[in-house]
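Here's model_15.cif, which has mmCIF, C-alpha atoms:
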```cif
data_query
#
loop_
_atom_site.group_PDB
_atom_site.id
_atom_site.type_symbol
_atom_site.label_atom_id
_atom_site.label_comp_id
_atom_site.auth_asym_id
_atom_site.auth_seq_id
_atom_site.Cartn_x
_atom_site.Cartn_y
_atom_site.Cartn_z
ATOM 1 C CA MET A 16 -194.484 125.122 -63.881
ATOM 2 C CA SER A 17 -197.466 124.829 -61.597
ATOM 3 C CA HIS A 18 -198.091 121.568 -59.738
ATOM 4 C CA ASP A 19 -201.852 121.898 -60.268
ATOM 5 C CA LYS A 20 -201.382 120.531 -63.813
ATOM 6 C CA PHE A 21 -200.216 117.221 -62.403
ATOM 7 C CA LYS A 22 -202.475 114.459 -61.198
ATOM 8 C CA VAL A 23 -201.586 111.678 -58.802
ATOM 9 C CA LEU A 24 -203.016 108.365 -59.948
ATOM 10 C CA ASN A 25 -204.466 107.188 -56.657
ATOM 11 C CA ASN A 26 -206.077 104.023 -58.016
ATOM 12 C CA CYS A 27 -202.749 102.457 -59.031
ATOM 13 C CA GLN A 28 -201.177 99.497 -57.340
ATOM 14 C CA ARG A 29 -197.748 100.149 -55.884
ATOM 15 C CA SER A 30 -194.709 98.831 -57.702
ATOM 16 C CA ILE A 31 -191.371 97.672 -56.356
ATOM 17 C CA LEU A 32 -189.450 99.017 -59.380
ATOM 18 C CA ALA A 33 -191.732 100.779 -61.869
ATOM 19 C CA GLU A 34 -190.143 101.460 -65.266
ATOM 20 C CA GLY A 35 -190.912 102.177 -68.903
ATOM 21 C CA LEU A 36 -193.985 104.395 -68.713
ATOM 22 C CA PHE A 37 -195.684 104.623 -72.125
ATOM 23 C CA TYR A 38 -198.835 106.502 -73.121
ATOM 24 C CA ASP A 39 -200.974 104.598 -75.642
ATOM 25 C CA GLN A 40 -202.997 107.357 -77.305
ATOM 26 C CA HIS A 41 -205.212 104.928 -79.229
ATOM 27 C CA ARG A 42 -206.433 103.220 -76.056
ATOM 28 C CA ASN A 43 -205.988 106.258 -73.757
ATOM 29 C CA GLU A 44 -203.950 104.115 -71.372
ATOM 30 C CA LEU A 45 -200.703 104.380 -69.483
ATOM 31 C CA LEU A 46 -198.570 101.239 -69.640
ATOM 32 C CA TRP A 47 -195.623 100.346 -67.412
ATOM 33 C CA VAL A 48 -193.840 97.413 -65.833
ATOM 34 C CA ASP A 49 -192.736 96.479 -62.338
ATOM 35 C CA ILE A 50 -189.424 94.757 -63.014
ATOM 36 C CA LEU A 51 -188.905 93.354 -59.511
ATOM 37 C CA GLY A 52 -192.604 92.599 -58.975
ATOM 38 C CA ASP A 53 -192.915 90.683 -62.287
ATOM 39 C CA GLN A 54 -196.025 92.610 -63.365
ATOM 40 C CA ILE A 55 -197.269 94.694 -66.261
ATOM 41 C CA PHE A 56 -199.778 97.491 -65.666
ATOM 42 C CA ARG A 57 -202.400 99.303 -67.727
ATOM 43 C CA TYR A 58 -204.096 102.399 -66.335
ATOM 44 C CA ASP A 59 -207.246 103.408 -68.231
ATOM 45 C CA LEU A 60 -207.380 107.209 -68.139
ATOM 46 C CA THR A 61 -211.078 107.240 -69.051
ATOM 47 C CA THR A 62 -212.338 104.916 -66.318
ATOM 48 C CA GLU A 63 -209.435 105.625 -63.936
ATOM 49 C CA THR A 64 -208.905 101.935 -63.277
ATOM 50 C CA THR A 65 -205.714 99.912 -63.142
ATOM 51 C CA LEU A 66 -205.320 96.438 -64.577
ATOM 52 C CA SER A 67 -202.274 94.394 -63.630
ATOM 53 C CA GLN A 68 -201.055 91.075 -64.880
ATOM 54 C CA TRP A 69 -198.336 88.817 -63.555
ATOM 55 C CA HIS A 70 -195.591 88.346 -66.143
ATOM 56 C CA GLN A 71 -193.662 85.086 -65.765
ATOM 57 C CA ARG A 72 -190.508 86.401 -67.453
ATOM 58 C CA THR A 73 -189.604 89.556 -65.420
ATOM 59 C CA PRO A 74 -190.773 92.378 -67.713
ATOM 60 C CA THR A 75 -188.503 95.330 -68.498
ATOM 61 C CA CYS A 76 -190.731 97.275 -70.948
ATOM 62 C CA ILE A 77 -194.158 97.172 -72.610
ATOM 63 C CA PHE A 78 -195.542 98.666 -75.829
ATOM 64 C CA PRO A 79 -198.844 98.232 -77.665
ATOM 65 C CA THR A 80 -199.080 96.552 -81.054
ATOM 66 C CA PRO A 81 -201.720 97.296 -83.702
ATOM 67 C CA THR A 82 -203.481 94.051 -82.718
ATOM 68 C CA GLU A 83 -206.085 94.547 -79.983
ATOM 69 C CA ASN A 84 -204.811 93.477 -76.542
ATOM 70 C CA ILE A 85 -201.502 92.122 -77.823
ATOM 71 C CA TYR A 86 -198.429 93.796 -76.330
ATOM 72 C CA LEU A 87 -194.740 93.767 -77.110
ATOM 73 C CA THR A 88 -192.843 93.172 -73.874
ATOM 74 C CA SER A 89 -189.291 92.405 -72.968
ATOM 75 C CA SER A 90 -188.135 90.034 -70.309
ATOM 76 C CA LEU A 91 -184.615 89.876 -69.000
ATOM 77 C CA ARG A 92 -183.249 88.417 -72.258
ATOM 78 C CA SER A 93 -186.197 87.955 -74.653
ATOM 79 C CA LEU A 94 -188.607 90.108 -76.643
ATOM 80 C CA LEU A 95 -192.156 88.792 -76.730
ATOM 81 C CA LYS A 96 -195.232 89.599 -78.794
ATOM 82 C CA GLY A 97 -198.028 88.333 -76.621
ATOM 83 C CA ASP A 98 -196.667 85.013 -75.306
ATOM 84 C CA GLN A 99 -194.463 84.319 -78.336
ATOM 85 C CA ILE A 100 -190.696 84.960 -78.149
ATOM 86 C CA ILE A 101 -189.722 86.904 -81.278
ATOM 87 C CA ALA A 102 -186.062 87.731 -80.518
ATOM 88 C CA GLU A 103 -183.424 87.045 -77.873
ATOM 89 C CA LEU A 104 -180.116 88.538 -76.807
ATOM 90 C CA PRO A 105 -177.136 86.726 -78.352
ATOM 91 C CA GLN A 106 -175.798 83.791 -76.324
ATOM 92 C CA GLN A 107 -172.383 85.447 -75.837
ATOM 93 C CA SER A 108 -174.063 88.088 -73.665
ATOM 94 C CA ASN A 109 -175.283 85.856 -70.816
ATOM 95 C CA ASP A 110 -174.582 88.491 -68.148
ATOM 96 C CA LEU A 111 -176.733 91.121 -69.877
ATOM 97 C CA ARG A 112 -180.409 91.933 -69.498
ATOM 98 C CA PHE A 113 -182.727 94.360 -71.247
ATOM 99 C CA ASN A 114 -183.364 97.641 -69.498
ATOM 100 C CA ASP A 115 -184.764 100.746 -71.201
ATOM 101 C CA ALA A 116 -186.631 100.804 -74.530
ATOM 102 C CA LYS A 117 -188.473 103.251 -76.782
ATOM 103 C CA LEU A 118 -190.230 103.222 -80.160
ATOM 104 C CA ASP A 119 -189.120 105.629 -82.883
ATOM 105 C CA ARG A 120 -191.669 107.501 -85.040
ATOM 106 C CA LYS A 121 -192.006 104.528 -87.386
ATOM 107 C CA GLY A 122 -192.637 102.118 -84.501
ATOM 108 C CA ARG A 123 -189.177 100.510 -84.528
ATOM 109 C CA LEU A 124 -188.075 99.290 -81.110
ATOM 110 C CA TRP A 125 -184.755 100.509 -79.709
ATOM 111 C CA ILE A 126 -183.727 98.687 -76.542
ATOM 112 C CA GLY A 127 -180.698 99.002 -74.322
ATOM 113 C CA THR A 128 -179.068 96.521 -72.009
ATOM 114 C CA MET A 129 -177.138 96.457 -68.769
ATOM 115 C CA ASP A 130 -174.804 93.984 -67.086
ATOM 116 C CA ILE A 131 -176.692 92.086 -64.360
ATOM 117 C CA HIS A 132 -173.701 92.605 -62.027
ATOM 118 C CA GLU A 133 -173.580 96.305 -63.029
ATOM 119 C CA ARG A 134 -170.044 95.997 -64.412
ATOM 120 C CA PRO A 135 -169.217 99.017 -66.607
ATOM 121 C CA ARG A 136 -168.994 99.172 -70.394
ATOM 122 C CA ARG A 137 -170.248 95.647 -71.173
ATOM 123 C CA ALA A 138 -173.706 96.426 -72.560
ATOM 124 C CA GLY A 139 -175.125 97.781 -75.816
ATOM 125 C CA LEU A 140 -177.991 99.504 -77.592
ATOM 126 C CA TYR A 141 -180.007 97.349 -80.001
ATOM 127 C CA ARG A 142 -182.684 97.894 -82.632
ATOM 128 C CA LEU A 143 -185.316 95.268 -83.383
ATOM 129 C CA THR A 144 -185.671 94.820 -87.121
ATOM 130 C CA ASN A 145 -189.166 94.798 -88.567
ATOM 131 C CA PRO A 146 -189.280 92.199 -91.359
ATOM 132 C CA GLU A 147 -191.901 94.096 -93.381
ATOM 133 C CA SER A 148 -190.345 97.554 -93.277
ATOM 134 C CA GLU A 149 -186.619 96.869 -93.639
ATOM 135 C CA PRO A 150 -184.840 98.128 -96.782
ATOM 136 C CA GLN A 151 -183.529 94.543 -97.140
ATOM 137 C CA PRO A 152 -186.470 92.404 -95.908
ATOM 138 C CA LYS A 153 -185.625 89.761 -93.299
ATOM 139 C CA PRO A 154 -187.523 86.503 -92.658
ATOM 140 C CA LYS A 155 -188.050 87.276 -88.938
ATOM 141 C CA PRO A 156 -187.289 90.068 -86.455
ATOM 142 C CA GLU A 157 -183.672 90.289 -85.318
ATOM 143 C CA LEU A 158 -181.825 92.300 -82.709
ATOM 144 C CA GLU A 159 -179.082 94.383 -84.292
ATOM 145 C CA LEU A 160 -176.373 95.836 -82.051
ATOM 146 C CA LYS A 161 -176.153 99.531 -82.970
ATOM 147 C CA TYR A 162 -173.939 101.070 -80.280
ATOM 148 C CA SER A 163 -171.526 99.717 -77.676
ATOM 149 C CA PRO A 164 -169.932 99.572 -75.218
ATOM 150 C CA ILE A 165 -172.250 101.179 -72.709
ATOM 151 C CA SER A 166 -172.764 100.642 -68.997
ATOM 152 C CA LEU A 167 -176.507 101.046 -68.373
ATOM 153 C CA SER A 168 -179.048 102.115 -70.964
ATOM 154 C CA ASN A 169 -181.516 104.347 -69.180
ATOM 155 C CA GLY A 170 -182.980 106.918 -71.537
ATOM 156 C CA ILE A 171 -183.727 106.938 -75.261
ATOM 157 C CA GLY A 172 -185.521 109.736 -77.102
ATOM 158 C CA TRP A 173 -185.712 111.747 -80.320
ATOM 159 C CA SER A 174 -185.796 115.422 -81.265
ATOM 160 C CA LEU A 175 -189.169 116.844 -82.278
ATOM 161 C CA ASN A 176 -188.253 116.709 -85.961
ATOM 162 C CA GLY A 177 -186.865 113.153 -85.632
ATOM 163 C CA THR A 178 -183.381 113.993 -86.948
ATOM 164 C CA ARG A 179 -181.536 113.382 -83.680
ATOM 165 C CA MET A 180 -181.569 110.477 -81.292
ATOM 166 C CA TYR A 181 -180.628 110.965 -77.652
ATOM 167 C CA PHE A 182 -179.283 108.219 -75.445
ATOM 168 C CA ILE A 183 -178.382 108.244 -71.730
ATOM 169 C CA ASP A 184 -175.750 105.987 -70.175
ATOM 170 C CA THR A 185 -176.470 106.547 -66.478
ATOM 171 C CA PRO A 186 -173.245 105.376 -64.725
ATOM 172 C CA GLU A 187 -171.133 107.190 -67.329
ATOM 173 C CA ARG A 188 -173.186 110.360 -66.671
ATOM 174 C CA SER A 189 -173.393 110.999 -70.381
ATOM 175 C CA VAL A 190 -175.982 111.882 -72.977
ATOM 176 C CA GLN A 191 -175.058 110.806 -76.500
ATOM 177 C CA ILE A 192 -176.563 112.627 -79.492
ATOM 178 C CA PHE A 193 -176.736 110.820 -82.831
ATOM 179 C CA GLU A 194 -177.809 112.098 -86.236
ATOM 180 C CA TYR A 195 -180.892 110.012 -87.079
ATOM 181 C CA ASP A 196 -182.492 109.024 -90.373
ATOM 182 C CA ASN A 197 -186.080 108.228 -89.452
ATOM 183 C CA GLU A 198 -186.801 106.615 -92.827
ATOM 184 C CA GLN A 199 -183.954 104.135 -92.453
ATOM 185 C CA GLY A 200 -184.072 103.810 -88.653
ATOM 186 C CA GLN A 201 -180.339 104.495 -88.406
#
```

Written as structure tokens, how would this file's structure read?
Amino acid sequence: MSHDKFKVLNNCQRSILAEGLFYDQHRNELLWVDILGDQIFRYDLTTETTLSQWHQRTPTCIFPTPTENIYLTSSLRSLLKGDQIIAELPQQSNDLRFNDAKLDRKGRLWIGTMDIHERPRRAGLYRLTNPESEPQPKPKPELELKYSPISLSNGIGWSLNGTRMYFIDTPERSVQIFEYDNEQGQ
């Protein structure tokens, strides 16, 4: 692979701990968060400009929503749509925080957690339910624990045909492979 196909984004502000890079093809923007700097970033690939915004709840990921300029973000323990909290980690998991997240092909959010003290095998992988698209409709979004115990969620992805889900647990040095039903989100 030749390095001439890569481009350094020189107009970007520096981050303390940049995470969760996401390409929004509809807006032609790169989105990411600075967890330790409490900021969310948007880099417009057309104008080559960076917009940053302070986020009062320590962001851990960011994704676009169909609504113009409304984003789904996670803080340490809450999921927000714009400024509205739509789901939170269960109370019994006070030492956990959100870490890595990805959207599946149907736009369902999968989000992993980690122990804030980095203790092993205390965290889990969750899926945010979408009230409109669930086989059994729900009155509001909920976080469903799908896989545990894990140590530190740090990589979620799918095969090209969407039939396998991949998940990395960094301290365990493992990649899990799950059969995946994209229609059901399971």

Do you know which residues are at most 6 Å from Asp115 (chain A) counting only C-alpha atoms, after dropping those on the same chain fewer than 5 positions away, and could you put them as a list of chain:residue names?
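Surrounding residues, per the criterion: A:Ile126, A:Gly127, A:Ser168, A:Asn169.
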
Among A:Pro156, A:Gly170, A:Arg134, A:Arg179, Leu36 (chain A) is approached most closely, using all atoms listed in the file, by A:Gly170

Residues in the PyMOL selection byres ((chain A and resi 189-192) around 10), expressed as a short mmCIF file (atom, residue, chain, number, x, y, z; two decimals) with C-alpha atoms, in the coordinates of the input:
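That gives us expr-v1.cif:
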```cif
data_model
loop_
_atom_site.label_atom_id
_atom_site.label_comp_id
_atom_site.auth_asym_id
_atom_site.auth_seq_id
_atom_site.Cartn_x
_atom_site.Cartn_y
_atom_site.Cartn_z
CA GLY A 170 -182.98 106.92 -71.54
CA ILE A 171 -183.73 106.94 -75.26
CA GLY A 172 -185.52 109.74 -77.10
CA TRP A 173 -185.71 111.75 -80.32
CA SER A 174 -185.80 115.42 -81.26
CA ARG A 179 -181.54 113.38 -83.68
CA MET A 180 -181.57 110.48 -81.29
CA TYR A 181 -180.63 110.96 -77.65
CA PHE A 182 -179.28 108.22 -75.44
CA ILE A 183 -178.38 108.24 -71.73
CA ASP A 184 -175.75 105.99 -70.18
CA THR A 185 -176.47 106.55 -66.48
CA PRO A 186 -173.24 105.38 -64.72
CA GLU A 187 -171.13 107.19 -67.33
CA ARG A 188 -173.19 110.36 -66.67
CA PHE A 193 -176.74 110.82 -82.83
CA GLU A 194 -177.81 112.10 -86.24
CA TYR A 195 -180.89 110.01 -87.08
#
```

Here's the selection I'm unsure about, the PyMOL selection byres ((chain A and resi 98) around 12); applied to the file above, which residues does it give, as a compact mmCIF listing (two decimals) with C-alpha atoms, keeping the file's coordinate frame?
```
# COMPACT_ATOMS: atom_id res chain seq x y z
CA HIS A 70 -195.59 88.35 -66.14
CA GLN A 71 -193.66 85.09 -65.76
CA ARG A 72 -190.51 86.40 -67.45
CA ASN A 84 -204.81 93.48 -76.54
CA ILE A 85 -201.50 92.12 -77.82
CA TYR A 86 -198.43 93.80 -76.33
CA LEU A 87 -194.74 93.77 -77.11
CA THR A 88 -192.84 93.17 -73.87
CA SER A 89 -189.29 92.40 -72.97
CA SER A 90 -188.14 90.03 -70.31
CA SER A 93 -186.20 87.96 -74.65
CA LEU A 94 -188.61 90.11 -76.64
CA LEU A 95 -192.16 88.79 -76.73
CA LYS A 96 -195.23 89.60 -78.79
CA GLY A 97 -198.03 88.33 -76.62
CA GLN A 99 -194.46 84.32 -78.34
CA ILE A 100 -190.70 84.96 -78.15
CA ILE A 101 -189.72 86.90 -81.28
```

Residue neighbourhood Lys121 (chain A), 12 Å, only C-alpha atoms, exclusion window fewer than 6 positions, as a PyMOL selection string:
chain A and resi 144-145+148-149+173+177+196-201

Record the distance separating CA of Gln28 (chain A) and CA of Arg112 (chain A), expressed in Å with one decimal.
25.2 Å

In Å, how far is it from CA of Leu124 (chain A) to CA of Leu158 (chain A)?
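The value is 9.5 Å.
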
Can you work out the spacing between CA of Glu44 (chain A) and CA of Pro79 (chain A) in Å, to one decimal?
10.0 Å
